[in-house]
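Pasted below: target.cif, mmCIF, C-alpha atoms.
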```cif
data_entry
#
loop_
_atom_site.label_atom_id
_atom_site.label_comp_id
_atom_site.auth_asym_id
_atom_site.auth_seq_id
_atom_site.Cartn_x
_atom_site.Cartn_y
_atom_site.Cartn_z
CA MET A 22 123.54 84.72 97.48
CA SER A 23 126.25 84.72 94.87
CA VAL A 24 129.29 86.97 94.91
CA GLN A 25 127.95 88.76 91.83
CA GLU A 26 124.61 89.47 93.53
CA ARG A 27 126.41 90.80 96.61
CA LYS A 28 128.58 93.08 94.46
CA GLU A 29 125.53 94.39 92.59
CA ARG A 30 123.74 95.08 95.88
CA GLU A 31 126.82 96.90 97.24
CA ARG A 32 127.11 98.91 94.02
CA ALA A 33 123.45 99.94 94.22
CA ALA A 34 123.91 100.93 97.87
CA ARG A 35 126.95 103.09 96.97
CA GLU A 36 124.98 104.75 94.19
CA ARG A 37 122.10 105.53 96.58
CA LEU A 38 124.63 106.93 99.06
CA ILE A 39 126.17 109.19 96.40
CA VAL A 40 122.77 110.53 95.36
CA ALA A 41 121.58 111.02 98.95
CA THR A 42 124.80 112.79 99.88
CA ALA A 43 124.61 115.04 96.82
CA ARG A 44 121.02 115.96 97.72
CA GLU A 45 121.93 116.67 101.31
CA LEU A 46 124.92 118.80 100.38
CA ALA A 47 122.94 120.70 97.72
CA GLU A 48 120.04 121.36 100.11
CA GLN A 49 122.45 122.61 102.79
CA GLN A 50 124.91 124.62 100.69
CA GLY A 51 123.62 124.79 97.12
CA TRP A 52 124.63 122.93 93.98
CA ASP A 53 127.90 124.86 93.65
CA ALA A 54 129.07 123.06 96.79
CA VAL A 55 128.48 119.66 95.18
CA THR A 56 131.77 118.58 93.67
CA THR A 57 133.09 115.11 93.06
CA ARG A 58 135.90 115.79 95.51
CA ARG A 59 133.54 116.84 98.31
CA LEU A 60 131.20 113.94 97.59
CA ALA A 61 134.07 111.47 97.64
CA GLU A 62 135.23 112.87 100.99
CA ARG A 63 131.73 112.74 102.49
CA ILE A 64 130.96 109.19 101.39
CA GLU A 65 134.50 108.08 102.24
CA TYR A 66 135.25 106.59 98.85
CA SER A 67 137.81 107.68 96.31
CA GLN A 68 136.89 109.86 93.35
CA PRO A 69 137.49 106.95 90.94
CA VAL A 70 134.83 104.95 92.81
CA LEU A 71 132.44 107.89 92.41
CA TYR A 72 133.28 108.10 88.70
CA SER A 73 132.58 104.38 88.34
CA HIS A 74 128.94 105.23 89.14
CA PHE A 75 128.55 108.67 87.52
CA ARG A 76 130.62 110.36 84.83
CA GLY A 77 130.38 113.65 86.68
CA LYS A 78 128.20 116.17 88.41
CA ARG A 79 125.77 116.40 85.49
CA GLU A 80 124.82 112.73 85.86
CA ILE A 81 124.51 113.12 89.62
CA ILE A 82 122.13 116.05 89.09
CA GLY A 83 120.17 113.84 86.69
CA ALA A 84 119.93 111.06 89.26
CA VAL A 85 118.70 113.53 91.89
CA ALA A 86 116.17 114.88 89.39
CA LEU A 87 114.80 111.41 88.65
CA GLU A 88 114.50 110.62 92.34
CA GLY A 89 112.81 113.97 92.92
CA ALA A 90 110.38 113.43 90.05
CA ALA A 91 109.28 110.12 91.56
CA GLU A 92 108.81 111.77 94.96
CA MET A 93 106.89 114.68 93.47
CA ALA A 94 104.59 112.35 91.50
CA ALA A 95 103.82 110.43 94.70
CA ALA A 96 103.15 113.66 96.61
CA LEU A 97 100.83 114.99 93.90
CA ARG A 98 98.89 111.74 93.70
CA ALA A 99 98.57 111.54 97.47
CA ALA A 100 97.28 115.11 97.66
CA THR A 101 94.75 114.70 94.87
CA SER A 102 93.49 111.29 95.98
CA ALA A 103 92.30 112.71 99.28
CA ALA A 104 90.36 115.57 97.65
CA ASP A 105 86.71 115.42 96.70
CA GLY A 106 85.64 117.13 93.48
CA SER A 107 87.56 118.64 90.58
CA ARG A 108 88.23 122.04 92.15
CA ALA A 109 89.44 120.48 95.40
CA ARG A 110 91.70 118.07 93.48
CA VAL A 111 93.27 120.82 91.38
CA THR A 112 93.69 123.07 94.43
CA SER A 113 95.34 120.19 96.32
CA LEU A 114 97.57 119.52 93.33
CA ALA A 115 98.68 123.16 93.17
CA ARG A 116 99.38 123.31 96.90
CA ALA A 117 101.27 120.00 96.87
CA TYR A 118 103.38 121.12 93.88
CA LEU A 119 104.29 124.46 95.47
CA ASP A 120 104.95 122.77 98.81
CA PHE A 121 107.27 120.23 97.17
CA ALA A 122 109.19 123.02 95.43
CA GLU A 123 109.51 124.99 98.68
CA ARG A 124 110.55 122.02 100.84
CA ASN A 125 113.07 120.64 98.30
CA PRO A 126 114.70 123.63 96.57
CA ALA A 127 117.86 121.83 95.48
CA VAL A 128 115.92 118.82 94.19
CA TYR A 129 113.51 121.15 92.39
CA ASP A 130 116.49 122.92 90.80
CA ALA A 131 117.90 119.56 89.70
CA MET A 132 114.55 118.71 88.14
CA PHE A 133 113.83 121.96 86.32
CA GLN A 134 116.69 124.47 86.47
CA LEU A 135 119.96 122.57 86.09
CA ASP A 136 121.34 120.45 83.28
CA GLY A 137 121.07 116.85 84.42
CA GLY A 138 121.38 115.51 80.89
CA LEU A 139 117.75 114.38 80.88
CA ALA A 140 115.39 114.56 77.93
CA PHE A 141 112.01 116.19 78.53
CA ALA A 142 108.90 115.82 76.37
CA ARG A 143 110.46 113.27 74.03
CA GLU A 144 110.24 109.55 73.40
CA ASP A 145 113.43 108.96 75.38
CA THR A 146 112.23 110.89 78.43
CA PRO A 147 112.96 108.76 81.51
CA GLU A 148 109.94 107.13 83.15
CA PRO A 149 110.09 109.11 86.43
CA LEU A 150 109.78 112.37 84.46
CA LYS A 151 106.91 110.98 82.39
CA ASP A 152 105.21 109.81 85.57
CA ALA A 153 105.54 113.22 87.24
CA PHE A 154 103.89 114.84 84.21
CA ALA A 155 101.24 112.10 84.24
CA ALA A 156 100.48 112.95 87.89
CA LEU A 157 99.71 116.48 86.74
CA LEU A 158 97.80 115.34 83.65
CA ASP A 159 95.69 112.82 85.56
CA CYS A 160 94.23 115.64 87.62
CA LEU A 161 94.27 118.53 85.16
CA GLY A 162 93.06 116.63 82.12
CA GLU A 163 89.58 116.42 83.62
CA VAL A 164 89.29 120.22 83.83
CA ALA A 165 90.91 121.21 80.54
CA GLY A 166 87.57 122.00 78.97
CA ASP A 167 85.90 121.19 75.67
CA GLY A 168 88.15 121.52 72.66
CA VAL A 169 91.28 122.02 74.80
CA HIS A 170 94.03 119.45 74.49
CA PRO A 171 94.56 118.06 78.03
CA GLY A 172 98.35 117.84 77.57
CA LEU A 173 98.63 121.47 76.46
CA PHE A 174 96.39 122.63 79.28
CA THR A 175 98.55 120.67 81.74
CA GLU A 176 101.71 122.28 80.33
CA VAL A 177 100.27 125.77 80.77
CA PHE A 178 99.03 125.08 84.30
CA TRP A 179 102.38 123.47 85.19
CA ALA A 180 104.20 126.52 83.80
CA SER A 181 102.05 128.72 86.05
CA LEU A 182 102.94 126.65 89.10
CA HIS A 183 106.61 126.60 88.13
CA GLY A 184 106.58 130.37 87.72
CA LEU A 185 104.98 130.85 91.11
CA ALA A 186 107.48 128.48 92.73
CA THR A 187 110.59 130.01 91.18
CA LEU A 188 109.54 133.66 91.44
CA THR A 189 108.55 133.25 95.08
CA ARG A 190 111.79 131.48 95.93
CA ALA A 191 113.82 134.15 94.15
CA GLY A 192 112.11 136.83 96.25
CA ARG A 193 110.37 138.31 93.19
CA LEU A 194 106.96 137.58 94.73
CA PRO A 195 106.11 138.00 98.41
CA SER A 196 106.04 134.59 100.05
CA GLY A 197 103.08 135.43 102.29
CA ASP A 198 100.66 135.56 99.36
CA ALA A 199 101.19 131.99 98.11
CA GLU A 200 97.76 130.78 99.23
CA ARG A 201 96.01 133.77 97.68
CA ARG A 202 97.77 133.10 94.38
CA VAL A 203 96.52 129.50 94.34
CA GLU A 204 92.99 130.70 95.09
CA LEU A 205 93.20 133.32 92.31
CA LEU A 206 94.42 130.70 89.87
CA MET A 207 91.54 128.43 90.87
CA ASP A 208 88.98 131.25 90.60
CA ARG A 209 90.16 132.10 87.07
CA LEU A 210 90.14 128.44 86.10
CA ALA A 211 86.56 128.10 87.35
CA MET A 212 85.50 130.91 85.02
CA LEU A 213 86.42 128.91 81.94
#
```
Would it be possible to restate this file's structure as structure tokens?
Amino acid sequence: MSVQERKERERAARERLIVATARELAEQQGWDAVTTRRLAERIEYSQPVLYSHFRGKREIIGAVALEGAAEMAAALRAATSAADGSRARVTSLARAYLDFAERNPAVYDAMFQLDGGLAFAREDTPEPLKDAFAALLDCLGEVAGDGVHPGLFTEVFWASLHGLATLTRAGRLPSGDAERRVELLMDRLAML
């Protein structure tokens, strides 16, 4: 292995450490607690080393969002692949989405609430974000209905899930009714 290859591997490992530490700190104490100074202290590198990887907190949030999008896409695909039939797949998708949002609140915020400098719904949208949407579309496109654009249907269904996730987490909806909400959503969808 060349010196250059070793340096690239070490750089990639530092970058993964920064992202993992930011996630951990954000999940424990919220995104306000994630500062370059605190990250540098936790990873035991100087702030200039941190800035050699990311220009600031915004880029770190973006990196967490991309990692989270890849994880969410995998979780959605795993949930839907085990289900039999359209209704079961969509129900599994909804449960997996809401479960991901509940289990990873800081990552979910990085993905959808905070400014990570990422482009959504454009040509330059990063692949992990496109793939997360594709995981939704793959399942929901089959139930969009005649004359309904699958992408638009997916956006509306996704917005419903996002609303349920964020309103429940904010205490605006009682958390004990999450399963009933998914069932209601599925019942209304079946009526179409």
Picked residues, the PyMOL selection byres ((chain A and resi 201-203) around 9), as a JSON list (two decimals) with C-alpha atoms, in the frame of the given file:
```
[["chain", "number", "residue", "atom", "x", "y", "z"],
["A", 112, "THR", "CA", 93.69, 123.07, 94.43],
["A", 115, "ALA", "CA", 98.68, 123.16, 93.17],
["A", 116, "ARG", "CA", 99.38, 123.31, 96.90],
["A", 182, "LEU", "CA", 102.94, 126.65, 89.10],
["A", 185, "LEU", "CA", 104.98, 130.85, 91.11],
["A", 197, "GLY", "CA", 103.08, 135.43, 102.29],
["A", 198, "ASP", "CA", 100.66, 135.56, 99.36],
["A", 199, "ALA", "CA", 101.19, 131.99, 98.11],
["A", 200, "GLU", "CA", 97.76, 130.78, 99.23],
["A", 204, "GLU", "CA", 92.99, 130.70, 95.09],
["A", 205, "LEU", "CA", 93.20, 133.32, 92.31],
["A", 206, "LEU", "CA", 94.42, 130.70, 89.87],
["A", 207, "MET", "CA", 91.54, 128.43, 90.87],
["A", 208, "ASP", "CA", 88.98, 131.25, 90.60]]
```
Contacts between stretch 153-169 of chain A and stretch 52-144 of chain A, please, where a residue of stretch 52-144 of chain A counts if it comes within 9 Å (with all atoms listed in the file); show its shortest atom pair and distance in Å to one decimal, rows by chain and ascending number, as CSV.
```
residue,atom,partner,partner_atom,distance
A:Ala90,CA,A:Ala153,CA,5.6
A:Ala91,CA,A:Ala153,CA,6.5
A:Glu92,CA,A:Ala153,CA,8.5
A:Met93,CA,A:Ala153,CA,6.5
A:Ala94,CA,A:Ala153,CA,4.5
A:Ala95,CA,A:Ala156,CA,8.0
A:Leu97,CA,A:Ala156,CA,6.4
A:Arg98,CA,A:Ala156,CA,6.1
A:Thr101,CA,A:Cys160,CA,7.3
A:Ser107,CA,A:Val164,CA,7.1
A:Arg108,CA,A:Val164,CA,8.6
A:Arg110,CA,A:Cys160,CA,6.8
A:Val111,CA,A:Cys160,CA,6.5
A:Leu114,CA,A:Leu157,CA,7.6
```
### Message
Using only C-alpha atoms, which protein or nucleic acid residues come within 8 Å of A:Leu71? Drop anything in the same chain fewer than 6 positions from it, and give the result as a ChimeraX atom specification.
### Response
/A:39,57,61
Selection from above, C-alpha atoms, as a compact mmCIF listing (two decimals), in the frame of the given file, can you write it?
```txt
# COMPACT_ATOMS: atom_id res chain seq x y z
CA ILE A 39 126.17 109.19 96.40
CA THR A 57 133.09 115.11 93.06
CA ALA A 61 134.07 111.47 97.64
```
#### Entry: d(atom CA of A:Leu119, atom CA of A:Ala186) in Å
5.8 Å
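Take atom CA of A:Lys151 and atom CA of A:Thr175: the distance between them is 12.8 Å.
Atom pair atom CA of A:Tyr118 / atom CA of A:Leu150: separated by 14.4 Å.
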### Message
So that I can see what lies close to A:Leu135, please list as a PyMOL selection string the residues with an atom at most 9 Å from it, counting only C-alpha atoms and leaving out residues fewer than 6 positions away in the same chain.
### Response
chain A and resi 79+82-83
### Task
Fewer than 5 positions away in the same chain doesn't count, so skip those; otherwise give me all residues within 10 Å of stretch 58-60 of chain A, counting only C-alpha atoms, as number ranges by chain.
A: 38-40, 42-43, 46, 65-68, 71, 78
